$ cat upload.pdb   # PDB, C-alpha atoms, pLDDT in the B column
ATOM      1  CA  MET A  64      -9.200 -11.099  -1.661  1.00 73.00           C
ATOM      2  CA  ARG A  65      -7.123 -11.253  -4.790  1.00 83.00           C
ATOM      3  CA  LEU A  66      -4.183  -8.997  -5.635  1.00 89.00           C
ATOM      4  CA  THR A  67      -3.828  -7.482  -9.069  1.00 91.00           C
ATOM      5  CA  ARG A  68      -1.181  -8.855 -11.411  1.00 93.00           C
ATOM      6  CA  PHE A  69       0.583  -5.496 -11.103  1.00 94.00           C
ATOM      7  CA  THR A  70       0.918  -5.829  -7.317  1.00 95.00           C
ATOM      8  CA  ASP A  71       2.091  -9.425  -7.710  1.00 93.00           C
ATOM      9  CA  LEU A  72       4.851  -8.348 -10.118  1.00 93.00           C
ATOM     10  CA  ALA A  73       5.912  -5.475  -7.889  1.00 95.00           C
ATOM     11  CA  LEU A  74       6.130  -7.713  -4.815  1.00 94.00           C
ATOM     12  CA  ARG A  75       8.178 -10.282  -6.706  1.00 91.00           C
ATOM     13  CA  ALA A  76      10.550  -7.559  -7.909  1.00 93.00           C
ATOM     14  CA  VAL A  77      10.977  -6.214  -4.381  1.00 94.00           C
ATOM     15  CA  MET A  78      11.650  -9.712  -3.056  1.00 91.00           C
ATOM     16  CA  ARG A  79      14.265 -10.349  -5.761  1.00 89.00           C
ATOM     17  CA  LEU A  80      15.995  -7.067  -5.028  1.00 91.00           C
ATOM     18  CA  ALA A  81      15.923  -7.740  -1.275  1.00 90.00           C
ATOM     19  CA  VAL A  82      18.308 -10.681  -1.763  1.00 86.00           C
ATOM     20  CA  SER A  83      20.763  -8.780  -3.966  1.00 81.00           C
ATOM     21  CA  GLY A  84      24.190  -8.500  -2.446  1.00 70.00           C
ATOM     22  CA  GLN A  85      26.538  -5.530  -2.528  1.00 61.00           C
ATOM     23  CA  GLY A  86      27.572  -4.858  -6.097  1.00 65.00           C
ATOM     24  CA  ASP A  87      24.692  -6.947  -7.489  1.00 79.00           C
ATOM     25  CA  SER A  88      22.319  -4.463  -9.076  1.00 85.00           C
ATOM     26  CA  PRO A  89      20.203  -6.385 -11.579  1.00 89.00           C
ATOM     27  CA  THR A  90      18.494  -4.607 -14.446  1.00 89.00           C
ATOM     28  CA  THR A  91      14.756  -4.531 -15.003  1.00 91.00           C
ATOM     29  CA  ARG A  92      15.244  -7.069 -17.796  1.00 90.00           C
ATOM     30  CA  GLU A  93      17.162  -9.436 -15.505  1.00 89.00           C
ATOM     31  CA  VAL A  94      14.488  -9.219 -12.804  1.00 90.00           C
ATOM     32  CA  ALA A  95      11.736  -9.798 -15.376  1.00 91.00           C
ATOM     33  CA  GLU A  96      13.540 -12.806 -16.845  1.00 89.00           C
ATOM     34  CA  ALA A  97      14.190 -14.305 -13.403  1.00 86.00           C
ATOM     35  CA  MET A  98      10.480 -13.968 -12.586  1.00 86.00           C
ATOM     36  CA  GLY A  99       9.326 -15.163 -15.998  1.00 88.00           C
ATOM     37  CA  VAL A 100       7.326 -12.052 -16.871  1.00 91.00           C
ATOM     38  CA  PRO A 101       7.359  -9.580 -19.774  1.00 93.00           C
ATOM     39  CA  VAL A 102       9.906  -6.790 -19.408  1.00 93.00           C
ATOM     40  CA  THR A 103       7.312  -4.136 -20.257  1.00 94.00           C
ATOM     41  CA  HIS A 104       5.071  -5.226 -17.380  1.00 94.00           C
ATOM     42  CA  MET A 105       7.972  -5.382 -14.944  1.00 94.00           C
ATOM     43  CA  ALA A 106       9.143  -1.929 -16.065  1.00 94.00           C
ATOM     44  CA  LYS A 107       5.784  -0.428 -15.040  1.00 95.00           C
ATOM     45  CA  ALA A 108       6.006  -2.064 -11.625  1.00 96.00           C
ATOM     46  CA  ILE A 109       9.608  -0.875 -11.204  1.00 95.00           C
ATOM     47  CA  THR A 110       8.582   2.700 -12.049  1.00 95.00           C
ATOM     48  CA  ARG A 111       5.819   2.642  -9.420  1.00 96.00           C
ATOM     49  CA  LEU A 112       8.183   1.208  -6.789  1.00 96.00           C
ATOM     50  CA  GLN A 113      10.687   3.920  -7.615  1.00 96.00           C
ATOM     51  CA  HIS A 114       8.008   6.595  -7.087  1.00 96.00           C
ATOM     52  CA  LEU A 115       7.198   5.053  -3.706  1.00 96.00           C
ATOM     53  CA  GLY A 116      10.878   5.331  -2.700  1.00 96.00           C
ATOM     54  CA  VAL A 117      11.210   1.563  -2.340  1.00 95.00           C
ATOM     55  CA  LEU A 118      13.957   1.207  -4.933  1.00 94.00           C
ATOM     56  CA  GLU A 119      16.492   3.224  -6.847  1.00 92.00           C
ATOM     57  CA  ALA A 120      17.227   2.763 -10.519  1.00 89.00           C
ATOM     58  CA  ARG A 121      20.540   3.841 -12.004  1.00 86.00           C
ATOM     59  CA  ARG A 122      21.114   4.036 -15.740  1.00 84.00           C
ATOM     60  CA  GLY A 123      24.198   3.298 -17.758  1.00 77.00           C
ATOM     61  CA  ARG A 124      27.301   1.292 -17.108  1.00 78.00           C
ATOM     62  CA  GLY A 125      27.307   0.012 -13.561  1.00 75.00           C
ATOM     63  CA  GLY A 126      23.637   0.849 -13.243  1.00 80.00           C
ATOM     64  CA  GLY A 127      20.752  -1.320 -12.196  1.00 88.00           C
ATOM     65  CA  LEU A 128      18.149  -1.629  -9.494  1.00 92.00           C
ATOM     66  CA  GLU A 129      18.709  -1.490  -5.780  1.00 91.00           C
ATOM     67  CA  LEU A 130      16.278  -1.682  -2.882  1.00 92.00           C
ATOM     68  CA  THR A 131      16.405   1.337  -0.595  1.00 92.00           C
ATOM     69  CA  ARG A 132      16.445   1.181   3.180  1.00 93.00           C
ATOM     70  CA  LEU A 133      12.703   1.897   3.091  1.00 93.00           C
ATOM     71  CA  GLY A 134      12.315  -0.975   0.648  1.00 92.00           C
ATOM     72  CA  HIS A 135      13.958  -3.438   3.038  1.00 91.00           C
ATOM     73  CA  GLN A 136      12.024  -2.239   6.073  1.00 93.00           C
ATOM     74  CA  ALA A 137       8.671  -1.492   4.429  1.00 93.00           C
ATOM     75  CA  SER A 138       5.579  -3.118   5.841  1.00 95.00           C
ATOM     76  CA  VAL A 139       4.116  -5.522   3.303  1.00 96.00           C
ATOM     77  CA  GLY A 140       0.654  -4.254   4.286  1.00 95.00           C
ATOM     78  CA  TRP A 141       1.657  -0.663   3.510  1.00 95.00           C
ATOM     79  CA  LEU A 142       3.228  -1.696   0.216  1.00 96.00           C
ATOM     80  CA  VAL A 143       0.177  -3.680  -0.900  1.00 95.00           C
ATOM     81  CA  ARG A 144      -2.148  -0.806   0.053  1.00 94.00           C
ATOM     82  CA  GLU A 145      -0.035   1.606  -2.001  1.00 95.00           C
ATOM     83  CA  LEU A 146       0.113  -0.714  -5.004  1.00 95.00           C
ATOM     84  CA  GLU A 147      -3.546  -1.731  -4.932  1.00 92.00           C
ATOM     85  CA  GLY A 148      -4.906   1.781  -4.414  1.00 85.00           C
ATOM     86  CA  ASP A 149      -8.077   2.817  -2.638  1.00 77.00           C
ATOM     87  CA  GLY A 150     -10.478   0.668  -4.637  1.00 78.00           C
ATOM     88  CA  GLU A 151     -13.215  -1.260  -2.938  1.00 76.00           C
ATOM     89  CA  VAL A 152     -13.774  -4.990  -3.266  1.00 77.00           C
ATOM     90  CA  VAL A 153     -17.127  -4.394  -5.003  1.00 76.00           C
ATOM     91  CA  ALA A 154     -18.159  -1.611  -7.373  1.00 74.00           C
ATOM     92  CA  CYS A 155     -21.372  -0.365  -5.762  1.00 77.00           C
ATOM     93  CA  GLU A 156     -21.217   2.944  -7.619  1.00 77.00           C
ATOM     94  CA  GLY A 157     -20.276   1.471 -11.011  1.00 74.00           C
ATOM     95  CA  GLU A 158     -21.840   2.079 -14.404  1.00 79.00           C
ATOM     96  CA  THR A 159     -25.036   0.474 -13.135  1.00 82.00           C
ATOM     97  CA  PRO A 160     -25.169   1.493  -9.450  1.00 81.00           C
ATOM     98  CA  CYS A 161     -26.393  -1.154  -7.048  1.00 81.00           C
ATOM     99  CA  PRO A 162     -29.915  -0.389  -5.794  1.00 83.00           C
ATOM    100  CA  LEU A 163     -28.873  -1.515  -2.292  1.00 80.00           C
ATOM    101  CA  ARG A 164     -25.939   0.897  -1.993  1.00 74.00           C
ATOM    102  CA  GLY A 165     -27.698   3.192   0.489  1.00 76.00           C
ATOM    103  CA  ALA A 166     -28.589   0.436   2.952  1.00 80.00           C
ATOM    104  CA  CYS A 167     -26.206  -2.413   2.197  1.00 83.00           C
ATOM    105  CA  ARG A 168     -24.416  -4.224   5.003  1.00 86.00           C
ATOM    106  CA  LEU A 169     -22.355  -6.319   2.576  1.00 86.00           C
ATOM    107  CA  ARG A 170     -20.326  -3.323   1.379  1.00 83.00           C
ATOM    108  CA  ARG A 171     -19.231  -2.502   4.944  1.00 85.00           C
ATOM    109  CA  ALA A 172     -18.439  -6.151   5.704  1.00 90.00           C
ATOM    110  CA  LEU A 173     -16.297  -6.408   2.578  1.00 88.00           C
ATOM    111  CA  ARG A 174     -14.486  -3.171   3.451  1.00 88.00           C
ATOM    112  CA  ASP A 175     -13.764  -4.567   6.929  1.00 91.00           C
ATOM    113  CA  ALA A 176     -12.528  -7.834   5.423  1.00 92.00           C
ATOM    114  CA  GLN A 177     -10.250  -5.932   3.040  1.00 90.00           C
ATOM    115  CA  GLU A 178      -8.736  -3.975   5.928  1.00 91.00           C
ATOM    116  CA  ALA A 179      -8.273  -7.194   7.928  1.00 94.00           C
ATOM    117  CA  PHE A 180      -6.394  -8.642   4.948  1.00 92.00           C
ATOM    118  CA  TYR A 181      -4.048  -5.646   4.818  1.00 92.00           C
ATOM    119  CA  SER A 182      -3.677  -5.601   8.610  1.00 94.00           C
ATOM    120  CA  ALA A 183      -2.536  -9.225   8.567  1.00 95.00           C
ATOM    121  CA  LEU A 184       0.322  -8.129   6.271  1.00 95.00           C
ATOM    122  CA  ASP A 185       1.283  -5.057   8.334  1.00 96.00           C
ATOM    123  CA  PRO A 186       3.689  -6.819  10.743  1.00 96.00           C
ATOM    124  CA  LEU A 187       5.671  -8.369   7.874  1.00 95.00           C
ATOM    125  CA  THR A 188       8.546  -6.504   6.258  1.00 94.00           C
ATOM    126  CA  VAL A 189      10.049  -7.133   2.844  1.00 91.00           C
ATOM    127  CA  ASP A 190      13.104  -8.610   4.563  1.00 90.00           C
ATOM    128  CA  ASP A 191      10.801 -11.042   6.411  1.00 91.00           C
ATOM    129  CA  LEU A 192       9.487 -12.274   3.059  1.00 88.00           C
ATOM    130  CA  VAL A 193      12.929 -13.288   1.840  1.00 86.00           C
ATOM    131  CA  ALA A 194      14.057 -15.188   4.917  1.00 82.00           C
ATOM    132  CA  SER A 195      14.960 -18.814   4.315  1.00 78.00           C
ATOM    133  CA  PRO A 196      13.788 -20.806   2.429  1.00 76.00           C
ATOM    134  CA  THR A 197      12.599 -18.060   0.045  1.00 75.00           C
ATOM    135  CA  GLY A 198      15.840 -16.071  -0.232  1.00 73.00           C
ATOM    136  CA  PRO A 199      18.000 -18.929  -1.516  1.00 70.00           C
ATOM    137  CA  VAL A 200      15.319 -19.842  -4.071  1.00 78.00           C
ATOM    138  CA  LEU A 201      15.239 -16.248  -5.307  1.00 74.00           C
ATOM    139  CA  LEU A 202      18.997 -16.214  -5.650  1.00 70.00           C
ATOM    140  CA  GLY A 203      18.843 -19.437  -7.632  1.00 70.00           C
ATOM    141  CA  LEU A 204      16.288 -17.931 -10.029  1.00 68.00           C
ATOM    142  CA  SER A 205      18.506 -14.984 -10.746  1.00 55.00           C
ATOM    143  CA  ALA A 206      21.795 -16.827 -11.097  1.00 48.00           C
ATOM    144  CA  ARG A 207      23.591 -15.564 -14.156  1.00 46.00           C
ATOM    145  CA  PRO A 208      25.485 -18.009 -16.311  1.00 44.00           C
ATOM    146  CA  GLY A 209      29.187 -17.756 -15.632  1.00 39.00           C
TER
END
$ encode --input "upload.pdb" --output "structure tokens"
Amino acid sequence: MRLTRFTDLALRAVMRLAVSGQGDSPTTREVAEAMGVPVTHMAKAITRLQHLGVLEARRGRGGGLELTRLGHQASVGWLVRELEGDGEVVACEGETPCPLRGACRLRRALRDAQEAFYSALDPLTVDDLVASPTGPVLLGLSARPG
């Protein structure tokens, strides 16, 4: 299974914010630069995460991004499900519907495999993802010049 680029960006943003200390509320631009991605793409991911209640965004002086309690404790499986949506691994009902769709065992097997993938992520929380050695690396990526 392969995650969309959008989900990848959102997970990286959440991981970066999970290592932010008190008083460290990076902006969307700072998170995007630390991750080496376009600000416009990161902004879309940030907006979706905000709608999910995973992070808060404050504007203006002293503003920035901050992970919520839910964001720290969220199951990675839940988060990936929410970001990826309900799509199936294969498009059996696409523009040219598959002639096997009524009696296909592959579709069910792929659905089961997709759920097994998500289930493997369910026990992990966002905070688990940033445990050492990942957390210190994330902090190093976002170090601001003094």
$ closest_residue --input "upload.pdb" --among "A:Ala183, A:Ala176, A:Ala154, A:Val117" --to "Ala81 of chain A" --atoms "all atoms listed in the file"
A:Val117
$ atom_distance --input "upload.pdb" --atom1 "atom CA of Asp87 of chain A" --atom2 "atom CA of Leu184 of chain A"
28.0 Å
$ resolve_selection --input "upload.pdb" --expression "the PyMOL selection byres ((chain A and resi 88) around 12)" --output "PyMOL selection string"
chain A and resi 79-87+89-94+118-131+205
$ atom_distance --input "upload.pdb" --atom1 "atom CA of Arg144 of chain A" --atom2 "atom CA of Asp185 of chain A"
9.9 Å
$ resolve_selection --input "upload.pdb" --expression "the PyMOL selection byres ((chain A and resi 192-197) around 9)" --output "MDAnalysis selection string"
chainID A and resid 78:79 81:82 139 187:191 198:202
$ closest_residue --input "upload.pdb" --among "A:Leu66, A:Ala73, A:Gly99, A:Ser182" --to "Val152 of chain A" --atoms "all atoms listed in the file"
A:Leu66
$ closest_residue --input "upload.pdb" --among "A:Ile109, A:Val100, A:Ala95, A:Val77" --to "Leu133 of chain A" --atoms "only C-alpha atoms"
A:Val77
